[in-house]
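Chemist: data-v3.cif is reproduced below (mmCIF, C-alpha atoms).
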data_start
loop_
_atom_site.group_PDB
_atom_site.id
_atom_site.type_symbol
_atom_site.label_atom_id
_atom_site.label_comp_id
_atom_site.auth_asym_id
_atom_site.auth_seq_id
_atom_site.Cartn_x
_atom_site.Cartn_y
_atom_site.Cartn_z
ATOM 1 C CA MET B 1 -163.115 -75.247 189.373
ATOM 2 C CA ARG B 2 -166.509 -76.219 188.019
ATOM 3 C CA ARG B 3 -166.331 -79.493 189.918
ATOM 4 C CA ILE B 4 -165.651 -77.719 193.235
ATOM 5 C CA VAL B 5 -168.530 -75.311 192.645
ATOM 6 C CA SER B 6 -170.914 -78.138 191.832
ATOM 7 C CA ILE B 7 -169.901 -80.128 194.935
ATOM 8 C CA LEU B 8 -170.353 -76.989 197.077
ATOM 9 C CA LEU B 9 -173.779 -76.422 195.555
ATOM 10 C CA LEU B 10 -174.718 -80.038 196.262
ATOM 11 C CA ILE B 11 -173.649 -79.703 199.921
ATOM 12 C CA ILE B 12 -175.652 -76.483 200.327
ATOM 13 C CA VAL B 13 -178.771 -78.092 198.858
ATOM 14 C CA ALA B 14 -178.344 -81.231 201.005
ATOM 15 C CA VAL B 15 -177.890 -79.212 204.210
ATOM 16 C CA GLY B 16 -180.893 -77.042 203.381
ATOM 17 C CA ILE B 17 -183.168 -80.003 202.720
ATOM 18 C CA SER B 18 -182.046 -81.924 205.807
ATOM 19 C CA LEU B 19 -182.400 -78.835 208.039
ATOM 20 C CA SER B 20 -185.940 -78.218 206.855
ATOM 21 C CA LEU B 21 -186.882 -81.901 207.103
ATOM 22 C CA ALA B 22 -185.418 -82.223 210.603
ATOM 23 C CA LYS B 23 -188.047 -79.820 211.966
ATOM 24 C CA ILE B 24 -190.901 -82.153 210.968
ATOM 25 C CA PRO B 25 -191.632 -84.718 213.691
ATOM 26 C CA PHE B 26 -191.536 -88.248 212.333
ATOM 27 C CA GLY B 27 -194.441 -90.611 212.858
ATOM 28 C CA THR B 28 -196.762 -88.339 214.811
ATOM 29 C CA PRO B 29 -200.166 -87.432 213.412
ATOM 30 C CA LYS B 30 -200.058 -83.950 211.919
ATOM 31 C CA THR B 31 -203.364 -83.552 210.128
ATOM 32 C CA LYS B 32 -206.933 -84.092 211.247
ATOM 33 C CA VAL B 33 -208.057 -85.440 207.881
ATOM 34 C CA GLY B 34 -205.528 -88.284 207.960
ATOM 35 C CA ARG B 35 -206.743 -89.364 211.383
ATOM 36 C CA HIS B 36 -210.315 -89.212 210.127
ATOM 37 C CA TYR B 37 -209.517 -91.587 207.228
ATOM 38 C CA ILE B 38 -207.864 -94.069 209.603
ATOM 39 C CA ASP B 39 -210.647 -93.966 212.196
ATOM 40 C CA GLU B 40 -213.757 -93.700 210.023
ATOM 41 C CA GLY B 41 -212.577 -94.937 206.598
ATOM 42 C CA VAL B 42 -213.709 -98.537 206.988
ATOM 43 C CA LYS B 43 -217.106 -97.491 208.318
ATOM 44 C CA GLU B 44 -217.734 -94.804 205.702
ATOM 45 C CA THR B 45 -216.621 -96.647 202.567
ATOM 46 C CA GLY B 46 -216.862 -100.326 203.563
ATOM 47 C CA SER B 47 -213.378 -100.997 202.189
ATOM 48 C CA ALA B 48 -211.029 -102.848 204.550
ATOM 49 C CA ASN B 49 -207.946 -101.380 202.843
ATOM 50 C CA ILE B 50 -207.773 -97.724 203.878
ATOM 51 C CA VAL B 51 -205.379 -96.787 201.057
ATOM 52 C CA THR B 52 -207.952 -97.991 198.544
ATOM 53 C CA SER B 53 -210.731 -96.071 200.243
ATOM 54 C CA VAL B 54 -208.669 -92.885 199.931
ATOM 55 C CA VAL B 55 -207.570 -93.510 196.332
ATOM 56 C CA VAL B 56 -210.945 -94.536 194.909
ATOM 57 C CA SER B 57 -213.526 -93.014 197.215
ATOM 58 C CA TYR B 58 -212.299 -89.895 199.020
ATOM 59 C CA ARG B 59 -209.934 -88.852 196.224
ATOM 60 C CA GLY B 60 -211.644 -90.636 193.341
ATOM 61 C CA PHE B 61 -211.675 -87.583 191.091
ATOM 62 C CA ASP B 62 -207.880 -87.249 191.383
ATOM 63 C CA THR B 63 -207.567 -90.883 190.342
ATOM 64 C CA LEU B 64 -209.643 -90.163 187.239
ATOM 65 C CA GLY B 65 -207.186 -87.374 186.408
ATOM 66 C CA GLU B 66 -204.238 -89.706 187.002
ATOM 67 C CA VAL B 67 -205.704 -92.335 184.660
ATOM 68 C CA THR B 68 -206.261 -89.627 182.059
ATOM 69 C CA VAL B 69 -202.610 -88.522 182.266
ATOM 70 C CA LEU B 70 -201.469 -92.099 181.646
ATOM 71 C CA PHE B 71 -203.922 -92.390 178.745
ATOM 72 C CA ILE B 72 -202.614 -89.202 177.110
ATOM 73 C CA ALA B 73 -199.005 -90.370 177.556
ATOM 74 C CA ALA B 74 -199.763 -93.717 175.890
ATOM 75 C CA ILE B 75 -201.651 -92.034 173.028
ATOM 76 C CA GLY B 76 -198.821 -89.543 172.506
ATOM 77 C CA LEU B 77 -196.197 -92.284 172.424
ATOM 78 C CA GLY B 78 -198.228 -94.305 169.955
ATOM 79 C CA ALA B 79 -198.755 -91.241 167.749
ATOM 80 C CA VAL B 80 -195.050 -90.321 167.741
ATOM 81 C CA LEU B 81 -193.845 -93.866 167.061
ATOM 82 C CA THR B 82 -196.340 -94.744 164.354
ATOM 83 C CA ALA B 83 -196.245 -91.358 162.589
ATOM 84 C CA ASN B 84 -193.928 -92.660 159.856
ATOM 85 C CA GLY B 85 -195.911 -95.826 159.295
ATOM 86 C CA ARG B 86 -195.139 -99.195 160.765
ATOM 87 C CA GLU B 87 -192.194 -100.994 159.199
ATOM 88 C CA LYS B 88 -192.146 -104.730 158.697
ATOM 89 C CA MET B 89 -191.039 -106.836 161.658
ATOM 90 C CA ARG B 90 -187.414 -107.813 161.391
ATOM 91 C CA LYS B 91 -186.547 -111.495 161.390
ATOM 92 C CA THR B 92 -185.624 -112.460 164.955
ATOM 93 C CA GLU B 93 -183.811 -115.488 166.229
ATOM 94 C CA PRO B 94 -186.176 -117.898 168.015
ATOM 95 C CA ALA B 95 -185.627 -118.197 171.760
ATOM 96 C CA SER B 96 -184.199 -121.381 173.266
ATOM 97 C CA LEU B 97 -186.587 -124.113 174.375
ATOM 98 C CA VAL B 98 -185.970 -123.479 178.084
ATOM 99 C CA LEU B 99 -186.709 -119.756 177.806
ATOM 100 C CA TYR B 100 -189.736 -120.334 175.578
ATOM 101 C CA THR B 101 -191.283 -122.954 177.868
ATOM 102 C CA GLY B 102 -190.506 -120.944 180.981
ATOM 103 C CA CYS B 103 -192.206 -117.855 179.579
ATOM 104 C CA ARG B 104 -195.267 -119.797 178.478
ATOM 105 C CA LEU B 105 -195.562 -121.433 181.910
ATOM 106 C CA LEU B 106 -195.056 -118.221 183.893
ATOM 107 C CA PHE B 107 -197.268 -115.946 181.818
ATOM 108 C CA PRO B 108 -200.703 -117.286 182.945
ATOM 109 C CA LEU B 109 -199.547 -117.312 186.577
ATOM 110 C CA ILE B 110 -198.475 -113.656 186.375
ATOM 111 C CA LEU B 111 -201.776 -112.799 184.685
ATOM 112 C CA ILE B 112 -203.772 -114.516 187.460
ATOM 113 C CA PHE B 113 -201.680 -112.801 190.148
ATOM 114 C CA GLY B 114 -202.262 -109.371 188.614
ATOM 115 C CA THR B 115 -205.984 -110.036 188.329
ATOM 116 C CA TYR B 116 -206.092 -111.197 191.944
ATOM 117 C CA ILE B 117 -204.342 -107.989 193.025
ATOM 118 C CA PHE B 118 -206.873 -105.678 191.409
ATOM 119 C CA ILE B 119 -209.989 -107.709 192.226
ATOM 120 C CA HIS B 120 -208.970 -107.807 195.902
ATOM 121 C CA GLY B 121 -207.895 -104.159 195.910
ATOM 122 C CA HIS B 122 -210.402 -103.226 198.621
ATOM 123 C CA LEU B 123 -209.317 -106.087 200.933
ATOM 124 C CA THR B 124 -205.548 -106.563 200.573
ATOM 125 C CA PRO B 125 -202.713 -104.188 199.635
ATOM 126 C CA GLY B 126 -202.605 -103.286 195.970
ATOM 127 C CA GLY B 127 -205.218 -102.257 193.466
ATOM 128 C CA GLY B 128 -205.819 -101.290 189.890
ATOM 129 C CA PHE B 129 -202.485 -99.602 189.234
ATOM 130 C CA GLN B 130 -200.378 -102.307 190.842
ATOM 131 C CA GLY B 131 -202.344 -105.148 189.251
ATOM 132 C CA GLY B 132 -202.194 -103.457 185.860
ATOM 133 C CA ALA B 133 -198.431 -102.977 186.155
ATOM 134 C CA ILE B 134 -197.982 -106.658 187.082
ATOM 135 C CA ILE B 135 -200.059 -107.725 184.057
ATOM 136 C CA ALA B 136 -197.985 -105.444 181.822
ATOM 137 C CA SER B 137 -194.765 -107.018 183.138
ATOM 138 C CA GLY B 138 -196.241 -110.411 182.203
ATOM 139 C CA PHE B 139 -196.745 -109.152 178.642
ATOM 140 C CA LEU B 140 -193.165 -107.843 178.680
ATOM 141 C CA LEU B 141 -192.021 -111.387 179.511
ATOM 142 C CA ILE B 142 -193.970 -112.764 176.543
ATOM 143 C CA TYR B 143 -192.486 -110.123 174.233
ATOM 144 C CA LEU B 144 -188.956 -110.977 175.357
ATOM 145 C CA GLY B 145 -189.301 -114.756 175.448
ATOM 146 C CA CYS B 146 -191.704 -115.682 172.643
ATOM 147 C CA ARG B 147 -191.417 -112.874 170.144
ATOM 148 C CA GLU B 148 -193.745 -114.339 167.554
ATOM 149 C CA ARG B 149 -196.708 -114.181 169.929
ATOM 150 C CA ARG B 150 -198.513 -110.828 169.830
ATOM 151 C CA ILE B 151 -201.535 -109.491 171.610
ATOM 152 C CA SER B 152 -204.268 -108.294 169.313
ATOM 153 C CA ARG B 153 -204.195 -104.511 169.058
ATOM 154 C CA ILE B 154 -207.972 -104.324 168.744
ATOM 155 C CA ALA B 155 -208.532 -106.312 171.951
ATOM 156 C CA SER B 156 -206.086 -104.168 173.916
ATOM 157 C CA ASN B 157 -207.640 -100.938 172.611
ATOM 158 C CA LEU B 158 -211.096 -102.289 173.460
ATOM 159 C CA ALA B 159 -210.054 -103.180 177.034
ATOM 160 C CA GLU B 160 -208.498 -99.735 177.465
ATOM 161 C CA SER B 161 -211.509 -97.810 176.149
ATOM 162 C CA LEU B 162 -214.084 -99.896 178.023
ATOM 163 C CA GLY B 163 -212.111 -99.520 181.276
ATOM 164 C CA GLY B 164 -212.022 -95.747 180.954
ATOM 165 C CA LEU B 165 -215.670 -95.595 179.915
ATOM 166 C CA LEU B 166 -216.779 -97.758 182.851
ATOM 167 C CA PHE B 167 -214.978 -95.439 185.295
ATOM 168 C CA VAL B 168 -216.675 -92.310 183.930
ATOM 169 C CA VAL B 169 -220.103 -93.997 183.621
ATOM 170 C CA ILE B 170 -219.971 -95.156 187.247
ATOM 171 C CA GLY B 171 -219.022 -91.621 188.261
ATOM 172 C CA LEU B 172 -221.994 -90.207 186.342
ATOM 173 C CA LEU B 173 -224.326 -92.855 187.836
ATOM 174 C CA GLY B 174 -223.110 -91.691 191.237
ATOM 175 C CA LEU B 175 -224.136 -88.165 190.207
ATOM 176 C CA ALA B 176 -227.570 -89.454 189.156
ATOM 177 C CA PHE B 177 -228.382 -91.754 192.089
ATOM 178 C CA GLY B 178 -226.248 -90.233 194.819
ATOM 179 C CA SER B 179 -225.409 -86.640 195.487
ATOM 180 C CA TYR B 180 -222.042 -86.046 193.769
ATOM 181 C CA PHE B 181 -219.731 -87.385 191.049
ATOM 182 C CA LEU B 182 -218.344 -90.840 192.000
ATOM 183 C CA SER B 183 -220.551 -91.119 195.102
ATOM 184 C CA ASN B 184 -220.876 -94.666 196.428
ATOM 185 C CA PHE B 185 -224.483 -95.505 195.477
ATOM 186 C CA LEU B 186 -224.280 -99.301 195.787
ATOM 187 C CA PRO B 187 -224.836 -101.111 199.131
ATOM 188 C CA LYS B 188 -221.617 -101.276 201.133
ATOM 189 C CA GLY B 189 -222.062 -104.746 202.621
ATOM 190 C CA THR B 190 -219.906 -106.029 205.455
ATOM 191 C CA ALA B 191 -216.269 -104.984 205.375
ATOM 192 C CA ASN B 192 -213.624 -107.660 204.695
ATOM 193 C CA THR B 193 -215.747 -109.699 202.298
ATOM 194 C CA LEU B 194 -215.226 -109.841 198.525
ATOM 195 C CA PHE B 195 -218.600 -108.303 197.666
ATOM 196 C CA SER B 196 -218.358 -105.174 199.770
ATOM 197 C CA ALA B 197 -217.508 -101.486 199.472
ATOM 198 C CA GLY B 198 -220.060 -100.703 196.738
ATOM 199 C CA ILE B 199 -218.497 -99.200 193.608
ATOM 200 C CA ILE B 200 -214.849 -99.432 194.780
ATOM 201 C CA PRO B 201 -214.064 -102.949 193.431
ATOM 202 C CA ILE B 202 -215.833 -102.201 190.132
ATOM 203 C CA ILE B 203 -213.781 -99.043 189.632
ATOM 204 C CA TYR B 204 -210.572 -100.854 190.532
ATOM 205 C CA ILE B 205 -211.321 -103.620 188.018
ATOM 206 C CA ALA B 206 -211.872 -100.939 185.357
ATOM 207 C CA ILE B 207 -208.588 -99.235 186.322
ATOM 208 C CA GLY B 208 -206.770 -102.583 186.284
ATOM 209 C CA PHE B 209 -207.909 -103.347 182.729
ATOM 210 C CA LYS B 210 -207.104 -99.824 181.600
ATOM 211 C CA VAL B 211 -203.627 -99.561 183.148
ATOM 212 C CA GLY B 212 -202.672 -103.108 182.130
ATOM 213 C CA SER B 213 -203.631 -102.659 178.480
ATOM 214 C CA GLU B 214 -202.087 -99.171 178.355
ATOM 215 C CA LEU B 215 -198.689 -100.222 179.734
ATOM 216 C CA ALA B 216 -198.698 -103.360 177.568
ATOM 217 C CA GLY B 217 -199.515 -101.140 174.576
ATOM 218 C CA ILE B 218 -196.575 -98.826 175.398
ATOM 219 C CA ILE B 219 -194.213 -101.820 175.510
ATOM 220 C CA ASP B 220 -195.741 -103.219 172.317
ATOM 221 C CA ASN B 221 -195.187 -99.911 170.488
ATOM 222 C CA LEU B 222 -191.587 -99.594 171.693
ATOM 223 C CA ILE B 223 -190.603 -103.184 170.902
ATOM 224 C CA GLU B 224 -192.183 -103.168 167.447
ATOM 225 C CA GLU B 225 -190.255 -100.017 166.573
ATOM 226 C CA SER B 226 -186.872 -101.194 167.841
ATOM 227 C CA MET D 1 -183.848 -105.043 211.906
ATOM 228 C CA ILE D 2 -181.908 -101.773 211.899
ATOM 229 C CA LEU D 3 -178.848 -103.696 210.633
ATOM 230 C CA VAL D 4 -180.792 -105.152 207.706
ATOM 231 C CA VAL D 5 -182.189 -101.736 206.811
ATOM 232 C CA SER D 6 -178.773 -100.050 206.991
ATOM 233 C CA PHE D 7 -177.272 -102.787 204.808
ATOM 234 C CA LEU D 8 -180.062 -102.280 202.259
ATOM 235 C CA VAL D 9 -179.568 -98.500 202.276
ATOM 236 C CA PHE D 10 -175.826 -99.027 201.784
ATOM 237 C CA LEU D 11 -176.516 -101.329 198.806
ATOM 238 C CA MET D 12 -178.888 -98.723 197.426
ATOM 239 C CA LEU D 13 -176.187 -96.029 197.655
ATOM 240 C CA VAL D 14 -173.706 -98.336 195.914
ATOM 241 C CA GLY D 15 -176.237 -98.957 193.147
ATOM 242 C CA ALA D 16 -176.956 -95.244 192.727
ATOM 243 C CA VAL D 17 -173.256 -94.309 192.510
ATOM 244 C CA ALA D 18 -172.583 -97.207 190.135
ATOM 245 C CA ALA D 19 -175.464 -96.120 187.889
ATOM 246 C CA SER D 20 -173.922 -92.683 187.541
ATOM 247 C CA ILE D 21 -170.308 -93.758 186.880
ATOM 248 C CA PHE D 22 -170.773 -96.799 184.601
ATOM 249 C CA ARG D 23 -169.772 -96.123 180.996
ATOM 250 C CA ASP D 24 -171.719 -99.160 179.774
ATOM 251 C CA LEU D 25 -175.295 -97.879 179.737
ATOM 252 C CA ILE D 26 -176.898 -101.331 180.042
ATOM 253 C CA SER D 27 -174.992 -101.902 183.303
ATOM 254 C CA ALA D 28 -176.085 -98.443 184.473
ATOM 255 C CA VAL D 29 -179.740 -99.338 183.822
ATOM 256 C CA ILE D 30 -179.371 -102.589 185.792
ATOM 257 C CA ALA D 31 -177.822 -100.645 188.690
ATOM 258 C CA ALA D 32 -180.723 -98.159 188.592
ATOM 259 C CA ALA D 33 -183.177 -101.078 188.635
ATOM 260 C CA LEU D 34 -181.367 -102.390 191.719
ATOM 261 C CA VAL D 35 -181.980 -99.039 193.443
ATOM 262 C CA SER D 36 -185.701 -99.349 192.622
ATOM 263 C CA LEU D 37 -185.858 -102.933 193.857
ATOM 264 C CA ILE D 38 -184.249 -102.056 197.201
ATOM 265 C CA ALA D 39 -186.512 -99.011 197.487
ATOM 266 C CA SER D 40 -189.498 -101.324 197.152
ATOM 267 C CA ILE D 41 -188.162 -103.599 199.915
ATOM 268 C CA LEU D 42 -187.690 -100.526 202.127
ATOM 269 C CA PHE D 43 -191.251 -99.386 201.369
ATOM 270 C CA TYR D 44 -192.432 -102.810 202.519
ATOM 271 C CA PHE D 45 -190.464 -102.436 205.775
ATOM 272 C CA LEU D 46 -192.043 -99.000 206.262
ATOM 273 C CA GLN D 47 -195.482 -100.689 206.092
ATOM 274 C CA ALA D 48 -196.429 -99.313 202.674
ATOM 275 C CA PRO D 49 -197.044 -102.534 200.696
ATOM 276 C CA ASP D 50 -199.175 -100.722 198.093
ATOM 277 C CA VAL D 51 -196.289 -98.441 197.131
ATOM 278 C CA ALA D 52 -193.831 -101.346 197.309
ATOM 279 C CA MET D 53 -195.815 -103.292 194.709
ATOM 280 C CA ALA D 54 -196.039 -100.368 192.306
ATOM 281 C CA GLU D 55 -192.332 -99.554 192.761
ATOM 282 C CA ALA D 56 -191.230 -103.154 192.165
ATOM 283 C CA SER D 57 -193.226 -103.677 188.991
ATOM 284 C CA ILE D 58 -192.902 -100.208 187.444
ATOM 285 C CA GLY D 59 -189.551 -99.032 188.787
ATOM 286 C CA ALA D 60 -187.592 -102.252 188.578
ATOM 287 C CA ALA D 61 -189.191 -104.065 185.636
ATOM 288 C CA LEU D 62 -190.960 -101.769 183.176
ATOM 289 C CA THR D 63 -188.683 -98.714 183.429
ATOM 290 C CA ALA D 64 -185.555 -100.835 182.981
ATOM 291 C CA ALA D 65 -187.103 -102.557 179.966
ATOM 292 C CA ILE D 66 -188.033 -99.236 178.350
ATOM 293 C CA PHE D 67 -184.504 -97.869 178.949
ATOM 294 C CA ILE D 68 -182.934 -100.995 177.453
ATOM 295 C CA ILE D 69 -185.168 -100.742 174.366
ATOM 296 C CA ALA D 70 -184.102 -97.099 174.003
ATOM 297 C CA ILE D 71 -180.396 -98.006 174.378
ATOM 298 C CA ARG D 72 -180.759 -100.665 171.677
ATOM 299 C CA ARG D 73 -181.790 -97.985 169.214
ATOM 300 C CA THR D 74 -178.963 -95.606 170.190
ATOM 301 C CA LYS D 75 -175.423 -96.217 171.462
ATOM 302 C CA ARG D 76 -174.491 -98.684 174.170
ATOM 303 C CA TYR D 77 -171.297 -96.993 175.420
ATOM 304 C CA GLU D 78 -170.963 -93.451 176.664
ATOM 305 C CA GLU D 79 -167.897 -91.519 175.466
#
Kindly transcribe the structure held in the file into structure tokens.
Modeler:
Amino acid sequence: MRRIVSILLLIIVAVGISLSLAKIPFGTPKTKVGRHYIDEGVKETGSANIVTSVVVSYRGFDTLGEVTVLFIAAIGLGAVLTANGREKMRKTEPASLVLYTGCRLLFPLILIFGTYIFIHGHLTPGGGFQGGAIIASGFLLIYLGCRERRISRIASNLAESLGGLLFVVIGLLGLAFGSYFLSNFLPKGTANTLFSAGIIPIIYIAIGFKVGSELAGIIDNLIEES
Amino acid sequence: MILVVSFLVFLMLVGAVAASIFRDLISAVIAAALVSLIASILFYFLQAPDVAMAEASIGAALTAAIFIIAIRRTKRYEE
């Protein structure tokens, strides 16, 4: 009986959602602001990647909030897991030679790829969040393959704090030199070159460091506790 | 093109159903990671490479790792 009711409920919800979604035309421009970003985004921000210009420039304040949410989540996890004091690392079996060598060879390549992604955030797809997540997956590989290697907690905390601080300081400098918080006060340069788009690449580098060290710290906390 | 996309969506459905019926939770996590991986390929086809990158690294790699760490501390099989 309960099963029939739940299946019926599921069908009703599915029909409702699909009926309401079917009324929205697919692929046609619906808002003026979206068209404005596509037409004028490159000219106004100097960033060749329009997604980046929206994330860091037009909606930069939202991104600051997003970074803060991630920061609070990482802090909360660390506080919950280390509340009872850190126990001694258990003895683990060493990984096989193939796995160990493979991890050590792949790790620097993943690190360079992640760095490339967030440095070129204003030119090619990707940015601080994606690059940071790629760097964190590189650290996950090291934790799984070579368990005796650890990142220094002080260095990761330093990278995280400096990244967050740089973001806020650039925002405040924008308030001082420009007209509003996070305004683009540096010269924009020509679009499609590495040194262009003013403060956007600097902010994305800060976000990349912050997200990478935060996600790596989350994994570090979880693995040490398990 | 439409054939490739429909095959991927079919695989995604299989992965989603498998994730919900597997009793072995590690297998369920791998099936859920498969759903994320195919979602990232579909995002790439829909010309959203930024989202595809985030989905592949967070959805398929980091989330699965965190789930597996959690399963290691609890029980592997569901009653």
Chemist: If you apply the PyMOL selection byres ((chain D and resi 39) around 12) to this file, what residues do you get, as an mmCIF file with C-alpha atoms, keeping the file's coordinate frame?
Modeler:
data_model
loop_
_atom_site.group_PDB
_atom_site.id
_atom_site.type_symbol
_atom_site.label_atom_id
_atom_site.label_comp_id
_atom_site.auth_asym_id
_atom_site.auth_seq_id
_atom_site.Cartn_x
_atom_site.Cartn_y
_atom_site.Cartn_z
ATOM 1 C CA VAL D 5 -182.189 -101.736 206.811
ATOM 2 C CA LEU D 8 -180.062 -102.280 202.259
ATOM 3 C CA VAL D 9 -179.568 -98.500 202.276
ATOM 4 C CA PHE D 10 -175.826 -99.027 201.784
ATOM 5 C CA LEU D 11 -176.516 -101.329 198.806
ATOM 6 C CA MET D 12 -178.888 -98.723 197.426
ATOM 7 C CA LEU D 13 -176.187 -96.029 197.655
ATOM 8 C CA GLY D 15 -176.237 -98.957 193.147
ATOM 9 C CA ALA D 16 -176.956 -95.244 192.727
ATOM 10 C CA ALA D 32 -180.723 -98.159 188.592
ATOM 11 C CA ALA D 33 -183.177 -101.078 188.635
ATOM 12 C CA LEU D 34 -181.367 -102.390 191.719
ATOM 13 C CA VAL D 35 -181.980 -99.039 193.443
ATOM 14 C CA SER D 36 -185.701 -99.349 192.622
ATOM 15 C CA LEU D 37 -185.858 -102.933 193.857
ATOM 16 C CA ILE D 38 -184.249 -102.056 197.201
ATOM 17 C CA SER D 40 -189.498 -101.324 197.152
ATOM 18 C CA ILE D 41 -188.162 -103.599 199.915
ATOM 19 C CA LEU D 42 -187.690 -100.526 202.127
ATOM 20 C CA PHE D 43 -191.251 -99.386 201.369
ATOM 21 C CA TYR D 44 -192.432 -102.810 202.519
ATOM 22 C CA PHE D 45 -190.464 -102.436 205.775
ATOM 23 C CA LEU D 46 -192.043 -99.000 206.262
ATOM 24 C CA ALA D 48 -196.429 -99.313 202.674
ATOM 25 C CA PRO D 49 -197.044 -102.534 200.696
ATOM 26 C CA VAL D 51 -196.289 -98.441 197.131
ATOM 27 C CA ALA D 52 -193.831 -101.346 197.309
ATOM 28 C CA MET D 53 -195.815 -103.292 194.709
ATOM 29 C CA ALA D 54 -196.039 -100.368 192.306
ATOM 30 C CA GLU D 55 -192.332 -99.554 192.761
ATOM 31 C CA ALA D 56 -191.230 -103.154 192.165
ATOM 32 C CA SER D 57 -193.226 -103.677 188.991
ATOM 33 C CA ILE D 58 -192.902 -100.208 187.444
ATOM 34 C CA GLY D 59 -189.551 -99.032 188.787
ATOM 35 C CA ALA D 60 -187.592 -102.252 188.578
#
Chemist: Applied to the shown file, which residues does the PyMOL selection byres ((chain B and resi 67) around 12) return, written as a PyMOL selection string?
Modeler: chain B and resi 55-56+60-66+68-74+128-129+132+160-161+163-165+167-168+203-204+206-212+214-215
Chemist: On this structure, which residues satisfy the PyMOL selection byres ((chain D and resi 77) around 12), written as a list in words?
Modeler: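 Going through the file, the PyMOL selection byres ((chain D and resi 77) around 12) ends up selecting Ile21, Phe22, Arg23, Asp24, Leu25, Ile26, Ser27, Ala28, Ile71, Arg72, Thr74, Lys75, Arg76, Glu78 and Glu79 of chain D.
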Chemist: Just the residues within 12 Å of D:Ala70, please, counting all atoms listed in the file, with nothing from its chain fewer than 3 positions along; format it as a tab-separated table (two decimals) with C-alpha atoms, in the frame of the given file.
Modeler:
chain	number	residue	atom	x	y	z
B	219	ILE	CA	-194.21	-101.82	175.51
B	221	ASN	CA	-195.19	-99.91	170.49
B	222	LEU	CA	-191.59	-99.59	171.69
B	223	ILE	CA	-190.60	-103.18	170.90
B	225	GLU	CA	-190.26	-100.02	166.57
B	226	SER	CA	-186.87	-101.19	167.84
D	25	LEU	CA	-175.30	-97.88	179.74
D	26	ILE	CA	-176.90	-101.33	180.04
D	29	VAL	CA	-179.74	-99.34	183.82
D	63	THR	CA	-188.68	-98.71	183.43
D	64	ALA	CA	-185.56	-100.84	182.98
D	65	ALA	CA	-187.10	-102.56	179.97
D	66	ILE	CA	-188.03	-99.24	178.35
D	67	PHE	CA	-184.50	-97.87	178.95
D	73	ARG	CA	-181.79	-97.98	169.21
D	74	THR	CA	-178.96	-95.61	170.19
D	75	LYS	CA	-175.42	-96.22	171.46
D	76	ARG	CA	-174.49	-98.68	174.17
Chemist: Give me, as a ChimeraX atom specification, the contact residues of chain B against chain D at a cut-off of 6 Å, counting all atoms listed in the file.
Modeler: /B:125-126,130,133-134
Chemist: For a test of reading the model, state the distance in Å between atom CA of B:Leu162 and atom CA of B:Pro187, rounded to one decimal.
Modeler: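 Atom CA of B:Leu162 sits 23.7 Å away from atom CA of B:Pro187.
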Chemist: So that I can see what lies close to B:Leu99, please list as a list in words the residues with an atom at most 12 Å from it, counting all atoms listed in the file and leaving out residues fewer than 2 positions away in the same chain.
Modeler: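 My reading of the contact set: Pro94, Ala95, Ser96, Leu97, Thr101, Gly102, Cys103, Arg104, Leu105, Leu106, Phe107, Leu141, Ile142, Tyr143, Leu144, Gly145, Cys146 and Arg147 of chain B.
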Chemist: Kindly indicate which residue among B:Ile218, B:Ala197, B:Ile4, B:Val33 lies nearest to B:Ile75, using all atoms listed in the file for the distances.
Modeler: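 Comparing B:Ile218, B:Ala197, B:Ile4, B:Val33 against B:Ile75, the winner is B:Ile218.
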